[in-house]
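Text of data-v4.cif (mmCIF, C-alpha atoms) as supplied:
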```
data_input
#
loop_
_atom_site.label_atom_id
_atom_site.label_comp_id
_atom_site.auth_asym_id
_atom_site.auth_seq_id
_atom_site.Cartn_x
_atom_site.Cartn_y
_atom_site.Cartn_z
CA MET A 1 5.78 8.95 8.22
CA LEU A 2 6.04 10.14 11.81
CA THR A 3 3.86 13.16 10.94
CA VAL A 4 1.29 10.88 9.37
CA ILE A 5 1.10 8.62 12.42
CA GLY A 6 1.15 11.63 14.75
CA LEU A 7 -1.83 13.15 12.93
CA MET A 8 -3.71 9.91 13.17
CA VAL A 9 -3.03 9.63 16.89
CA ALA A 10 -4.29 13.21 17.26
CA GLY A 11 -7.43 12.22 15.35
CA ILE A 12 -7.91 9.15 17.54
CA LEU A 13 -7.63 11.29 20.69
CA LEU A 14 -10.07 13.87 19.34
CA GLY A 15 -12.53 11.20 18.23
CA TYR A 16 -12.23 9.44 21.57
CA LEU A 17 -12.67 12.57 23.67
CA LEU A 18 -15.67 13.66 21.58
CA ARG A 19 -17.04 10.15 21.04
CA GLU A 20 -20.53 11.19 22.18
CA ARG A 21 -20.77 13.46 19.16
CA SER A 22 -22.05 12.31 15.80
CA TRP A 23 -19.28 11.74 13.24
CA LYS A 24 -21.52 10.61 10.41
CA GLY A 25 -19.82 12.74 7.72
CA VAL A 26 -16.35 11.29 8.35
CA PRO A 27 -16.59 8.13 6.16
CA ARG A 28 -17.71 10.28 3.22
CA LEU A 29 -14.75 12.65 3.70
CA ILE A 30 -12.41 9.65 3.91
CA ASN A 31 -13.72 8.42 0.57
CA ALA A 32 -13.22 11.85 -0.99
CA ALA A 33 -9.62 12.00 0.25
CA ILE A 34 -8.89 8.51 -1.16
CA LEU A 35 -10.22 9.55 -4.57
CA LEU A 36 -8.17 12.74 -4.52
CA LEU A 37 -4.97 10.87 -3.66
CA LEU A 38 -5.49 8.39 -6.49
CA PHE A 39 -6.23 11.17 -8.92
CA LEU A 40 -2.96 12.87 -7.96
CA LEU A 41 -1.06 9.57 -8.25
CA GLY A 42 -2.54 9.17 -11.73
CA ILE A 43 -1.33 12.62 -12.77
CA THR A 44 2.18 11.81 -11.56
CA VAL A 45 2.24 8.54 -13.52
CA GLY A 46 0.70 10.06 -16.67
CA ALA A 47 3.13 12.98 -16.72
CA ASP A 48 6.20 10.74 -16.29
CA GLU A 49 7.42 10.12 -19.85
CA SER A 50 9.95 7.44 -18.95
CA ILE A 51 7.08 5.38 -17.55
CA MET A 52 4.59 6.09 -20.34
CA ASP A 53 7.03 5.47 -23.25
CA ASN A 54 8.24 2.06 -22.13
CA LEU A 55 5.02 0.76 -20.72
CA GLY A 56 5.25 -2.42 -22.79
CA THR A 57 8.31 -4.24 -21.45
CA ILE A 58 8.53 -2.40 -18.16
CA GLY A 59 4.87 -2.95 -17.49
CA LYS A 60 4.92 -6.65 -18.33
CA ASP A 61 7.94 -7.48 -16.15
CA ALA A 62 6.69 -5.25 -13.34
CA LEU A 63 3.24 -6.82 -13.45
CA VAL A 64 4.59 -10.37 -13.39
CA ILE A 65 6.84 -9.64 -10.40
CA THR A 66 4.07 -7.79 -8.60
CA LEU A 67 1.50 -10.54 -9.09
CA ALA A 68 3.95 -13.19 -7.88
CA ALA A 69 4.96 -11.13 -4.84
CA VAL A 70 1.36 -10.32 -3.90
CA ALA A 71 0.21 -13.92 -4.49
CA GLY A 72 2.95 -15.22 -2.21
CA SER A 73 2.20 -12.78 0.58
CA VAL A 74 -1.57 -13.27 0.30
CA LEU A 75 -1.12 -17.03 0.64
CA CYS A 76 1.05 -16.54 3.75
CA ALA A 77 -1.49 -14.07 5.14
CA TRP A 78 -4.25 -16.59 4.55
CA VAL A 79 -2.36 -19.25 6.56
CA VAL A 80 -1.60 -16.79 9.38
CA TYR A 81 -5.24 -15.66 9.43
CA LYS A 82 -6.62 -19.19 9.41
CA TYR A 83 -4.43 -20.54 12.21
CA PHE A 84 -3.81 -17.50 14.42
CA PHE A 85 -6.50 -14.88 13.89
CA TYR A 86 -9.75 -16.53 12.86
CA GLU A 87 -12.26 -16.54 15.70
CA ARG A 88 -15.76 -18.06 16.00
CA MET B 1 -17.34 -2.94 -6.35
CA LYS B 2 -18.82 0.45 -7.12
CA GLY B 3 -16.16 1.93 -4.84
CA SER B 4 -13.34 0.18 -6.71
CA LEU B 5 -14.64 1.31 -10.09
CA LEU B 6 -14.82 4.87 -8.87
CA ILE B 7 -11.22 4.58 -7.66
CA VAL B 8 -10.07 3.22 -11.05
CA ALA B 9 -11.99 5.99 -12.81
CA PHE B 10 -10.30 8.71 -10.76
CA PHE B 11 -6.86 7.16 -11.26
CA ALA B 12 -7.43 6.76 -15.02
CA ALA B 13 -8.64 10.35 -15.29
CA GLY B 14 -5.46 11.44 -13.53
CA VAL B 15 -3.26 9.42 -15.90
CA LEU B 16 -5.00 10.85 -18.99
CA LEU B 17 -4.77 14.35 -17.62
CA GLY B 18 -1.10 13.96 -16.70
CA ARG B 19 -0.36 12.44 -20.11
CA PHE B 20 -2.27 14.70 -22.47
CA ALA B 21 -2.87 17.93 -20.63
CA GLU B 22 -0.48 20.56 -19.38
CA VAL B 23 -1.01 20.06 -15.68
CA PRO B 24 0.26 22.89 -13.48
CA ALA B 25 3.36 21.79 -11.58
CA PHE B 26 1.45 22.30 -8.35
CA PHE B 27 -0.53 19.09 -8.92
CA ARG B 28 2.60 17.07 -9.58
CA ALA B 29 4.47 18.42 -6.58
CA GLU B 30 4.66 16.35 -3.45
CA GLU B 31 2.82 18.85 -1.28
CA PRO B 32 -0.79 18.37 -2.43
CA THR B 33 -0.49 14.60 -2.09
CA LEU B 34 1.14 14.97 1.28
CA TYR B 35 -1.54 17.30 2.63
CA ALA B 36 -4.34 15.14 1.27
CA LEU B 37 -2.69 12.20 3.02
CA TYR B 38 -2.42 14.18 6.26
CA ALA B 39 -6.12 15.10 6.13
CA LEU B 40 -6.96 11.50 5.39
CA MET B 41 -5.02 10.15 8.36
CA PHE B 42 -6.55 12.66 10.71
CA LEU B 43 -10.04 11.64 9.55
CA VAL B 44 -9.19 7.95 9.85
CA GLY B 45 -7.99 8.72 13.39
CA ILE B 46 -11.29 10.36 14.26
CA SER B 47 -13.28 7.44 12.92
CA ILE B 48 -11.18 5.02 14.99
CA GLY B 49 -11.22 7.10 18.16
CA SER B 50 -14.96 7.63 18.15
CA ASP B 51 -15.59 3.89 17.72
CA ARG B 52 -15.68 2.00 21.01
CA LYS B 53 -15.53 -1.50 19.55
CA ALA B 54 -12.23 -0.68 17.81
CA LEU B 55 -10.62 0.40 21.07
CA GLN B 56 -11.66 -2.82 22.76
CA ALA B 57 -10.09 -4.82 19.93
CA MET B 58 -6.81 -2.89 20.26
CA ARG B 59 -6.46 -3.95 23.87
CA ARG B 60 -6.58 -7.61 22.85
CA GLN B 61 -3.56 -7.57 20.50
CA SER B 62 -0.77 -9.99 21.30
CA TRP B 63 2.46 -11.55 20.02
CA ARG B 64 0.67 -13.02 17.02
CA ILE B 65 0.70 -9.57 15.40
CA VAL B 66 4.36 -10.18 14.41
CA LEU B 67 3.29 -13.13 12.28
CA VAL B 68 1.61 -10.78 9.81
CA PRO B 69 4.75 -8.93 8.61
CA ALA B 70 6.65 -12.24 8.79
CA GLY B 71 4.14 -13.72 6.35
CA THR B 72 4.50 -10.70 4.06
CA TRP B 73 8.29 -10.96 3.97
CA LEU B 74 8.30 -14.71 3.39
CA GLY B 75 5.50 -14.72 0.82
CA THR B 76 6.73 -11.71 -1.16
CA LEU B 77 10.32 -12.92 -1.45
CA ALA B 78 9.24 -16.49 -2.25
CA GLY B 79 6.89 -15.23 -4.97
CA ALA B 80 9.34 -12.73 -6.50
CA GLY B 81 12.18 -15.26 -6.31
CA LEU B 82 10.20 -18.04 -7.99
CA VAL B 83 8.96 -15.83 -10.81
CA SER B 84 12.53 -14.90 -11.79
CA LEU B 85 12.63 -18.36 -13.41
CA ALA B 86 9.88 -17.22 -15.80
CA LEU B 87 11.57 -13.91 -16.68
CA PRO B 88 14.68 -14.72 -18.74
CA GLY B 89 16.06 -11.18 -18.71
CA ARG B 90 15.85 -10.78 -14.94
CA GLY B 91 18.03 -12.56 -12.45
CA LEU B 92 17.02 -13.86 -9.02
CA ALA B 93 18.62 -10.93 -7.19
CA ASP B 94 16.94 -8.40 -9.53
CA CYS B 95 13.48 -9.82 -8.88
CA LEU B 96 14.09 -10.03 -5.13
CA ALA B 97 15.27 -6.39 -5.10
CA VAL B 98 12.14 -5.25 -6.94
CA GLY B 99 9.91 -7.37 -4.71
CA SER B 100 11.46 -6.06 -1.52
CA GLY B 101 10.11 -2.59 -2.30
CA PHE B 102 6.85 -3.91 -0.77
CA GLY B 103 4.91 -1.08 -2.43
CA TYR B 104 7.28 1.63 -1.17
CA TYR B 105 7.91 2.76 -4.73
CA SER B 106 9.68 6.07 -4.24
CA LEU B 107 12.40 4.72 -1.98
CA SER B 108 12.94 1.37 -3.68
CA ALA B 109 13.06 2.95 -7.16
CA VAL B 110 15.71 5.43 -6.04
CA PHE B 111 17.82 2.74 -4.41
CA ILE B 112 17.54 0.31 -7.32
CA THR B 113 18.24 3.00 -9.93
CA GLN B 114 21.38 3.86 -8.03
CA TYR B 115 22.68 0.30 -7.66
CA LYS B 116 21.24 -1.52 -10.67
CA GLY B 117 20.50 1.16 -13.28
CA ALA B 118 17.49 3.09 -14.51
CA GLU B 119 15.73 0.22 -16.23
CA LEU B 120 15.39 -1.97 -13.16
CA GLY B 121 14.73 1.20 -11.19
CA THR B 122 11.77 2.00 -13.42
CA ILE B 123 10.53 -1.57 -13.14
CA ALA B 124 10.74 -1.20 -9.36
CA LEU B 125 8.78 2.03 -9.54
CA VAL B 126 6.03 0.60 -11.73
CA SER B 127 5.90 -2.72 -9.89
CA ASN B 128 5.58 -1.11 -6.50
CA ILE B 129 2.98 1.41 -7.71
CA MET B 130 1.11 -1.61 -9.05
CA ARG B 131 1.38 -3.29 -5.67
CA GLU B 132 -0.12 -0.27 -3.95
CA LEU B 133 -2.88 -0.04 -6.57
CA LEU B 134 -3.55 -3.76 -6.36
CA ALA B 135 -3.88 -3.49 -2.59
CA LEU B 136 -6.19 -0.46 -2.91
CA LEU B 137 -8.37 -1.91 -5.64
CA GLY B 138 -8.25 -5.55 -4.60
CA ALA B 139 -8.84 -5.04 -0.87
CA PRO B 140 -12.54 -5.99 -0.89
CA LEU B 141 -11.97 -9.09 -3.02
CA LEU B 142 -8.84 -10.19 -1.13
CA ALA B 143 -10.56 -9.79 2.23
CA ARG B 144 -13.49 -11.90 1.08
CA CYS B 145 -11.46 -14.72 -0.52
CA PHE B 146 -8.33 -14.98 1.65
CA GLY B 147 -9.31 -13.57 5.00
CA ARG B 148 -8.98 -10.14 6.48
CA LEU B 149 -5.18 -10.21 6.72
CA ALA B 150 -4.81 -10.61 2.95
CA PRO B 151 -5.31 -6.91 2.05
CA ILE B 152 -2.79 -5.99 4.77
CA SER B 153 -0.17 -8.40 3.49
CA ALA B 154 -0.79 -7.29 -0.09
CA GLY B 155 -0.38 -3.66 0.95
CA GLY B 156 3.18 -4.32 2.15
CA ALA B 157 4.95 -1.19 3.38
CA THR B 158 1.97 1.07 2.62
CA THR B 159 -0.43 -0.24 5.25
CA ALA B 160 0.52 2.39 7.85
CA ASP B 161 -0.44 5.27 5.54
CA THR B 162 -1.82 5.18 1.99
CA THR B 163 -3.69 1.88 2.06
CA LEU B 164 -4.77 2.12 5.70
CA PRO B 165 -8.11 3.81 4.94
CA VAL B 166 -9.11 1.11 2.46
CA ILE B 167 -7.97 -1.61 4.85
CA THR B 168 -9.95 0.03 7.64
CA LYS B 169 -12.99 -0.01 5.41
CA PHE B 170 -12.81 -3.60 4.21
CA CYS B 171 -11.05 -5.43 7.07
CA GLY B 172 -12.72 -3.60 9.93
CA LYS B 173 -11.42 -1.20 12.54
CA GLU B 174 -10.16 -4.06 14.72
CA PHE B 175 -7.42 -4.64 12.13
CA VAL B 176 -6.17 -1.04 12.13
CA VAL B 177 -3.47 -1.68 14.73
CA VAL B 178 -2.33 -4.84 12.92
CA SER B 179 -2.19 -2.79 9.72
CA ILE B 180 -0.11 0.01 11.26
CA VAL B 181 2.33 -2.32 13.04
CA HIS B 182 2.66 -4.31 9.82
CA GLY B 183 3.21 -1.18 7.72
CA VAL B 184 5.84 0.26 10.05
CA MET B 185 7.80 -3.01 10.29
CA VAL B 186 7.74 -3.75 6.56
CA ASP B 187 8.48 -0.10 5.74
CA LEU B 188 11.55 -0.11 7.96
CA SER B 189 12.82 -3.29 6.32
CA VAL B 190 12.69 -1.89 2.76
CA PRO B 191 16.04 -0.01 2.67
CA PHE B 192 17.85 -2.94 4.27
CA LEU B 193 16.39 -5.64 2.03
CA VAL B 194 16.68 -3.61 -1.19
CA THR B 195 20.34 -2.74 -0.62
CA PHE B 196 21.05 -6.34 0.40
CA PHE B 197 19.57 -7.81 -2.78
CA CYS B 198 21.22 -5.13 -4.91
CA SER B 199 24.62 -6.09 -3.51
CA LEU B 200 24.23 -9.81 -4.35
#
```

Translate this structure into structure tokens?
Amino acid sequence: MLTVIGLMVAGILLGYLLRERSWKGVPRLINAAILLLLFLLGITVGADESIMDNLGTIGKDALVITLAAVAGSVLCAWVVYKYFFYER
Amino acid sequence: MKGSLLIVAFFAAGVLLGRFAEVPAFFRAEEPTLYALYALMFLVGISIGSDRKALQAMRRQSWRIVLVPAGTWLGTLAGAGLVSLALPGRGLADCLAVGSGFGYYSLSAVFITQYKGAELGTIALVSNIMRELLALLGAPLLARCFGRLAPISAGGATTADTTLPVITKFCGKEFVVVSIVHGVMVDLSVPFLVTFFCSL
């Protein structure tokens, strides 16, 4: 994770130093990289037989826990946003 | 919406390919993903650095940034704990252990497999992949309905790397620092919380 953050800091510095330049193509490249990463994640999941064979039970329990965990954190985030971050 | 559908399509294509085709080991190795992630972060860096409004927003961060990971911890554990009542086969500690992966599926699955067995380990893997996917796919909707911290909180431990680009896109560049600080803090807490709940 240090490498990842280091690379981003390097990108920030480069973008900042060359901020007069046009960086119009960057958002499109970012989108392409996101799609590539999800495609690769899909391959990993699809090729993992222990995941694919027991999708029923494993998937149901995992989904229920995930939805509850995300719902809880989203509600907390909503409160934090409303009382501490919302401006205007 | 079009963006989300495209994301689902690419993921689904990957699953089908991984399932039914003989994919060269290269594509399943960690390196391609890692390098794609590196390229992504560098590009995200450029887009932040070349944006002047984002830099101004970074200078205005304050103590309140800590409230974001605090909300994620509290909300996730409350949600996962409560739902254990609805899952007869899973105890409170099991659900809390799975929930405290916060989307960091590789690490939490390894830990939980080691302490609680392969079944719960697999559940942790799937659940935390789902959390990352949910954060990636749901970011636009979450930001619109529950404010711009909601995609960050949903992203859990992943908001400093994999989900950061999506968060940048839908929450705005002024939330990039919040997202990174949140991701790093939640990420660091995963091994501690998972081992704690596994030992209960």

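What the PyMOL selection byres ((chain B and resi 122) around 8) grabs from this file is A:Ser50, A:Ile51, A:Ile58, B:Ala109, B:Thr113, B:Ala118, B:Glu119, B:Leu120, B:Gly121, B:Ile123, B:Ala124, B:Leu125, B:Val126.
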
At most 6 Å to chain B: residues in chain A, all atoms listed in the file, as a ChimeraX atom specification: /A:4,7-8,11-12,15-16,19,30,33,35,38-39,42-44,46-47,58,62,65-66,68-70,72-74,76-78

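Take the candidates B:Thr159, B:Ser179, B:Gly91, B:Tyr105 and check each one against Val45 of chain A using all atoms listed in the file; the shortest distance goes to B:Tyr105.
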
Atom CA of Gly138 of chain B sits from atom CA of Leu63 of chain A at a separation of 14.6 Å

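From atom CA of Leu141 of chain B back to atom CA of Arg28 of chain A, the distance works out to 21.1 Å.
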
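Taking all atoms listed in the file into account, Ser106 of chain B lies nearest to B:Ala157 out of the set B:Leu200, B:Leu137, B:Val66, B:Ala157.
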
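Atom pair atom CA of Val181 of chain B / atom CA of Gly25 of chain A has a distance of 27.3 Å (rounded to one decimal).
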
From the list B:Pro140, B:Thr158, B:Leu85, B:Cys198, the nearest residue to Val186 of chain B using only C-alpha atoms is B:Thr158

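Nearest to Ile5 of chain A of all the residues B:Val110, B:Val177, B:Ile167, B:Ala93 is B:Val177, based on all atoms listed in the file.
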
Around segment 62-68 of chain A, with edges along x, y and z and 5 Å added on all six sides, what centre and edge lengths do you get, in Å to one decimal, as JSON?
```
{"center_x": 4.2, "center_y": -9.2, "center_z": -10.7, "size_x": 15.3, "size_y": 17.9, "size_z": 15.6}
```

Starting from the sparse input, extend segment 39-75 of chain A to N, CA and C atoms and give the output as an mmCIF file, in the coordinates of the input.
```
data_model
loop_
_atom_site.group_PDB
_atom_site.id
_atom_site.type_symbol
_atom_site.label_atom_id
_atom_site.label_comp_id
_atom_site.auth_asym_id
_atom_site.auth_seq_id
_atom_site.Cartn_x
_atom_site.Cartn_y
_atom_site.Cartn_z
ATOM 1 N N PHE A 39 -6.243 10.253 -7.784
ATOM 2 C CA PHE A 39 -6.230 11.170 -8.920
ATOM 3 C C PHE A 39 -4.847 11.809 -9.057
ATOM 4 N N LEU A 40 -4.286 12.249 -7.948
ATOM 5 C CA LEU A 40 -2.960 12.870 -7.960
ATOM 6 C C LEU A 40 -1.878 11.865 -8.362
ATOM 7 N N LEU A 41 -2.008 10.618 -7.864
ATOM 8 C CA LEU A 41 -1.060 9.570 -8.250
ATOM 9 C C LEU A 41 -1.133 9.330 -9.750
ATOM 10 N N GLY A 42 -2.347 9.341 -10.287
ATOM 11 C CA GLY A 42 -2.540 9.170 -11.730
ATOM 12 C C GLY A 42 -1.854 10.262 -12.520
ATOM 13 N N ILE A 43 -1.987 11.495 -12.082
ATOM 14 C CA ILE A 43 -1.330 12.620 -12.770
ATOM 15 C C ILE A 43 0.178 12.428 -12.786
ATOM 16 N N THR A 44 0.735 12.024 -11.647
ATOM 17 C CA THR A 44 2.180 11.810 -11.560
ATOM 18 C C THR A 44 2.627 10.741 -12.563
ATOM 19 N N VAL A 45 1.889 9.623 -12.607
ATOM 20 C CA VAL A 45 2.240 8.540 -13.520
ATOM 21 C C VAL A 45 2.086 8.987 -14.976
ATOM 22 N N GLY A 46 0.965 9.642 -15.292
ATOM 23 C CA GLY A 46 0.700 10.060 -16.670
ATOM 24 C C GLY A 46 1.701 11.072 -17.180
ATOM 25 N N ALA A 47 2.212 11.917 -16.302
ATOM 26 C CA ALA A 47 3.130 12.980 -16.720
ATOM 27 C C ALA A 47 4.576 12.493 -16.801
ATOM 28 N N ASP A 48 4.833 11.267 -16.298
ATOM 29 C CA ASP A 48 6.200 10.740 -16.290
ATOM 30 C C ASP A 48 6.463 10.031 -17.619
ATOM 31 N N GLU A 49 7.243 10.666 -18.508
ATOM 32 C CA GLU A 49 7.420 10.120 -19.850
ATOM 33 C C GLU A 49 8.196 8.812 -19.870
ATOM 34 N N SER A 50 9.163 8.681 -18.938
ATOM 35 C CA SER A 50 9.950 7.440 -18.950
ATOM 36 C C SER A 50 9.060 6.251 -18.597
ATOM 37 N N ILE A 51 8.010 6.479 -17.843
ATOM 38 C CA ILE A 51 7.080 5.380 -17.550
ATOM 39 C C ILE A 51 6.161 5.154 -18.749
ATOM 40 N N MET A 52 5.593 6.237 -19.289
ATOM 41 C CA MET A 52 4.590 6.090 -20.340
ATOM 42 C C MET A 52 5.185 5.538 -21.642
ATOM 43 N N ASP A 53 6.450 5.890 -21.964
ATOM 44 C CA ASP A 53 7.030 5.470 -23.250
ATOM 45 C C ASP A 53 7.411 3.992 -23.280
ATOM 46 N N ASN A 54 7.792 3.447 -22.149
ATOM 47 C CA ASN A 54 8.240 2.060 -22.130
ATOM 48 C C ASN A 54 7.266 1.153 -21.399
ATOM 49 N N LEU A 55 6.012 1.512 -21.474
ATOM 50 C CA LEU A 55 5.020 0.760 -20.720
ATOM 51 C C LEU A 55 5.010 -0.718 -21.064
ATOM 52 N N GLY A 56 5.280 -1.043 -22.337
ATOM 53 C CA GLY A 56 5.250 -2.420 -22.790
ATOM 54 C C GLY A 56 6.087 -3.377 -21.949
ATOM 55 N N THR A 57 7.411 -3.325 -22.158
ATOM 56 C CA THR A 57 8.310 -4.240 -21.450
ATOM 57 C C THR A 57 8.307 -3.997 -19.954
ATOM 58 N N ILE A 58 8.466 -2.729 -19.587
ATOM 59 C CA ILE A 58 8.530 -2.400 -18.160
ATOM 60 C C ILE A 58 7.266 -2.871 -17.460
ATOM 61 N N GLY A 59 6.147 -2.583 -18.098
ATOM 62 C CA GLY A 59 4.870 -2.950 -17.490
ATOM 63 C C GLY A 59 4.706 -4.445 -17.349
ATOM 64 N N LYS A 60 5.102 -5.200 -18.372
ATOM 65 C CA LYS A 60 4.920 -6.650 -18.330
ATOM 66 C C LYS A 60 5.761 -7.261 -17.199
ATOM 67 N N ASP A 61 7.066 -6.929 -17.192
ATOM 68 C CA ASP A 61 7.940 -7.480 -16.150
ATOM 69 C C ASP A 61 7.476 -7.049 -14.759
ATOM 70 N N ALA A 62 7.123 -5.762 -14.652
ATOM 71 C CA ALA A 62 6.690 -5.250 -13.340
ATOM 72 C C ALA A 62 5.426 -5.971 -12.883
ATOM 73 N N LEU A 63 4.505 -6.168 -13.816
ATOM 74 C CA LEU A 63 3.240 -6.820 -13.450
ATOM 75 C C LEU A 63 3.470 -8.250 -12.995
ATOM 76 N N VAL A 64 4.329 -8.973 -13.744
ATOM 77 C CA VAL A 64 4.590 -10.370 -13.390
ATOM 78 C C VAL A 64 5.207 -10.464 -11.995
ATOM 79 N N ILE A 65 6.202 -9.610 -11.723
ATOM 80 C CA ILE A 65 6.840 -9.640 -10.400
ATOM 81 C C ILE A 65 5.832 -9.260 -9.311
ATOM 82 N N THR A 66 5.042 -8.224 -9.591
ATOM 83 C CA THR A 66 4.070 -7.790 -8.600
ATOM 84 C C THR A 66 3.056 -8.884 -8.269
ATOM 85 N N LEU A 67 2.511 -9.503 -9.324
ATOM 86 C CA LEU A 67 1.500 -10.540 -9.090
ATOM 87 C C LEU A 67 2.078 -11.694 -8.286
ATOM 88 N N ALA A 68 3.319 -12.092 -8.619
ATOM 89 C CA ALA A 68 3.950 -13.190 -7.880
ATOM 90 C C ALA A 68 4.172 -12.804 -6.421
ATOM 91 N N ALA A 69 4.676 -11.579 -6.204
ATOM 92 C CA ALA A 69 4.960 -11.130 -4.840
ATOM 93 C C ALA A 69 3.669 -11.034 -4.020
ATOM 94 N N VAL A 70 2.626 -10.471 -4.626
ATOM 95 C CA VAL A 70 1.360 -10.320 -3.900
ATOM 96 C C VAL A 70 0.727 -11.694 -3.655
ATOM 97 N N ALA A 71 0.779 -12.576 -4.667
ATOM 98 C CA ALA A 71 0.210 -13.920 -4.490
ATOM 99 C C ALA A 71 0.891 -14.637 -3.334
ATOM 100 N N GLY A 72 2.216 -14.570 -3.295
ATOM 101 C CA GLY A 72 2.950 -15.220 -2.210
ATOM 102 C C GLY A 72 2.560 -14.674 -0.852
ATOM 103 N N SER A 73 2.498 -13.348 -0.735
ATOM 104 C CA SER A 73 2.200 -12.780 0.580
ATOM 105 C C SER A 73 0.746 -13.006 0.970
ATOM 106 N N VAL A 74 -0.157 -13.010 -0.019
ATOM 107 C CA VAL A 74 -1.570 -13.270 0.300
ATOM 108 C C VAL A 74 -1.751 -14.704 0.797
ATOM 109 N N LEU A 75 -1.031 -15.643 0.181
ATOM 110 C CA LEU A 75 -1.120 -17.030 0.640
ATOM 111 C C LEU A 75 -0.616 -17.160 2.077
#
```
